[in-house]
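Here the structure comes first, spelled out in structure tokens, and everything after it is commentary.
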Amino acid sequence: ATEPYDPNNIFARILRDEIPADIVYEDGWAVAFRDINPQAPTHILVVPRGPYVSWDDFSERASDEELAGFVRAVGRVARENGFVVPGYRLLANTGPHGGQEVPHLHVHLFAGQPLGPMLA
Ligand code: 5GP
């Protein structure tokens with residue numbers, strides 16, 4: 001089972017405007033901001049507004065509206081930044097083996113150069 005949601009995780013604090021972030025997209029379901037330690041020319045994190053620990057937690061507990069709203073938001077961030085034609089990569093690290101460090105679901109969006117077969 002997924003751990004309980006920690007309302008003081010760093011992305012929850014960004015969502016509450018308690019700490020600054022370079023926000024590039026916001027709607028009713030999601031917020032997107034630049035990763036503080038970019039691993040590609042463009043590296044954006046897209047997070048749902050709701051309190052979900054991980055992809056596992058979100059896919060199980062979120063309403064159909066939240067699921068749809070978040071998936072659409074991720075697509076919009078990519079489209080609005082012009083990444084559709086050159087292409088981009090999405091990644092959701094989940095749990096310890098996935099290398100997840102922040103316990104609020106985030107989808108990494110990498111773009112801006114050919115990314116190769118795998119991103120470490
Ligand atoms: P994870 O390993 O959990 O999938 O990725 C967490 C990501 O969040 C890392 O790429 C890390 O650079 C980024 N990150 C951690 N703390 C902050 C922060 O305070 N602000 C921003 N913008 N990104 C952060």
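Each chain in the structure tokens gets a letter, A, B and so on, in the order shown; residues start at 1 in every chain, and ligands are counted from 1 in the order they appear.
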Could you report the residues within 7 Å of ligand 1, using only C-alpha atoms and all ligand atoms, as a PDB file with C-alpha atoms, in the first residue's frame?
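Result written to part.pdb:
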```pdb
ATOM      1  CA  ILE A  10       8.139  20.318  -1.121  1.00  0.00           C
ATOM      2  CA  ALA A  21       8.910  27.928  -8.291  1.00  0.00           C
ATOM      3  CA  ASP A  22       9.279  28.875 -11.954  1.00  0.00           C
ATOM      4  CA  PHE A  33       7.163  24.271 -13.025  1.00  0.00           C
ATOM      5  CA  ARG A  34      10.811  23.991 -14.034  1.00  0.00           C
ATOM      6  CA  ASP A  35      12.926  21.363 -12.305  1.00  0.00           C
ATOM      7  CA  ILE A  36      15.506  22.986 -10.048  1.00  0.00           C
ATOM      8  CA  ASN A  37      18.200  20.581 -11.337  1.00  0.00           C
ATOM      9  CA  PRO A  38      17.429  20.156 -15.052  1.00  0.00           C
ATOM     10  CA  ALA A  92       6.985   9.196 -13.484  1.00  0.00           C
ATOM     11  CA  ASN A  93       9.402   7.690 -10.966  1.00  0.00           C
ATOM     12  CA  GLY A  99      13.991   6.600  -7.680  1.00  0.00           C
ATOM     13  CA  GLN A 100      11.102   8.777  -6.494  1.00  0.00           C
ATOM     14  CA  GLU A 101      12.388  11.419  -4.082  1.00  0.00           C
ATOM     15  CA  VAL A 102       9.457  13.796  -3.618  1.00  0.00           C
ATOM     16  CA  PRO A 103       6.267  12.113  -2.288  1.00  0.00           C
ATOM     17  CA  HIS A 106       5.053  14.431 -10.552  1.00  0.00           C
TER      18      HIS A 106
END
```
Run DSSP on the backbone and grab whatever in chain A lands in helix (DSSP H, G or I); send it over as a short mmCIF file (atom, residue, chain, number, x, y, z; two decimals) with C-alpha atoms, in the first residue's frame.
```
data_model
loop_
_atom_site.label_atom_id
_atom_site.label_comp_id
_atom_site.auth_asym_id
_atom_site.auth_seq_id
_atom_site.Cartn_x
_atom_site.Cartn_y
_atom_site.Cartn_z
CA ILE A 10 8.14 20.32 -1.12
CA PHE A 11 5.68 20.16 -4.03
CA ALA A 12 2.70 20.63 -1.69
CA ARG A 13 4.45 23.78 -0.45
CA ILE A 14 4.94 24.98 -4.03
CA LEU A 15 1.22 24.33 -4.70
CA TRP A 55 1.37 7.36 -9.87
CA ASP A 56 0.09 4.30 -8.02
CA ASP A 57 -1.86 6.38 -5.48
CA PHE A 58 -3.25 8.75 -8.13
CA SER A 59 -4.33 6.06 -10.59
CA GLU A 60 -6.16 4.23 -7.80
CA ARG A 61 -7.76 7.05 -5.77
CA ASP A 64 -12.18 10.17 -13.39
CA GLU A 65 -12.35 13.97 -13.68
CA GLU A 66 -9.02 14.42 -11.91
CA LEU A 67 -7.39 11.68 -13.99
CA ALA A 68 -8.60 13.24 -17.22
CA GLY A 69 -7.77 16.78 -16.13
CA PHE A 70 -4.23 15.86 -15.19
CA VAL A 71 -3.52 13.84 -18.33
CA ARG A 72 -4.85 16.70 -20.48
CA ALA A 73 -2.73 19.20 -18.56
CA VAL A 74 0.45 17.21 -19.21
CA GLY A 75 -0.37 17.17 -22.93
CA ARG A 76 -1.07 20.90 -22.92
CA VAL A 77 2.22 21.78 -21.27
CA ALA A 78 4.03 19.94 -24.07
CA ARG A 79 1.86 21.40 -26.85
CA GLU A 80 1.98 24.99 -25.57
CA GLY A 95 8.66 4.34 -5.13
CA PRO A 96 12.21 3.50 -4.03
CA HIS A 97 13.15 1.33 -7.00
CA GLY A 98 11.78 4.00 -9.34
#
```
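Counting only C-alpha atoms and comparing A:Val53, A:Val84, A:Leu115, A:Leu109, the residue that lies closest to A:Glu3 is A:Val53.
Reported to one decimal place, the separation of atom CA of A:Tyr88 from atom CA of A:Phe110 is 5.7 Å.
Using only C-alpha atoms for every distance, the candidate list A:His108, A:Pro51, A:Trp29, A:Pro114 yields A:Pro51 as the residue closest to A:Pro4.
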inquiry  = Counting only C-alpha atoms, which residue out of A:Val46, A:Asn8, A:Ser54, A:Ala111 sits closest to A:Thr94?
reply    =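 Answer, going by the shortest atom-to-atom distance: A:Ser54.
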message = Rounded to one decimal, what separation in Å do you get between atom CA of A:Asn81 and atom CA of A:Gln39?
response =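 Separation between atom CA of A:Asn81 and atom CA of A:Gln39: 17.3 Å.
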query = When DSSP works through the backbone of this structure, what residues of chain A end up as strand (DSSP E or B), shown as number ranges by chain?
reply = A: 23-26, 30-34, 42-48, 89-91, 107-111
Å distance separating atom CA of A:Thr42 from atom CA of A:Ile23, one decimal place =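 Separating atom CA of A:Thr42 from atom CA of A:Ile23 is a distance of 13.1 Å.
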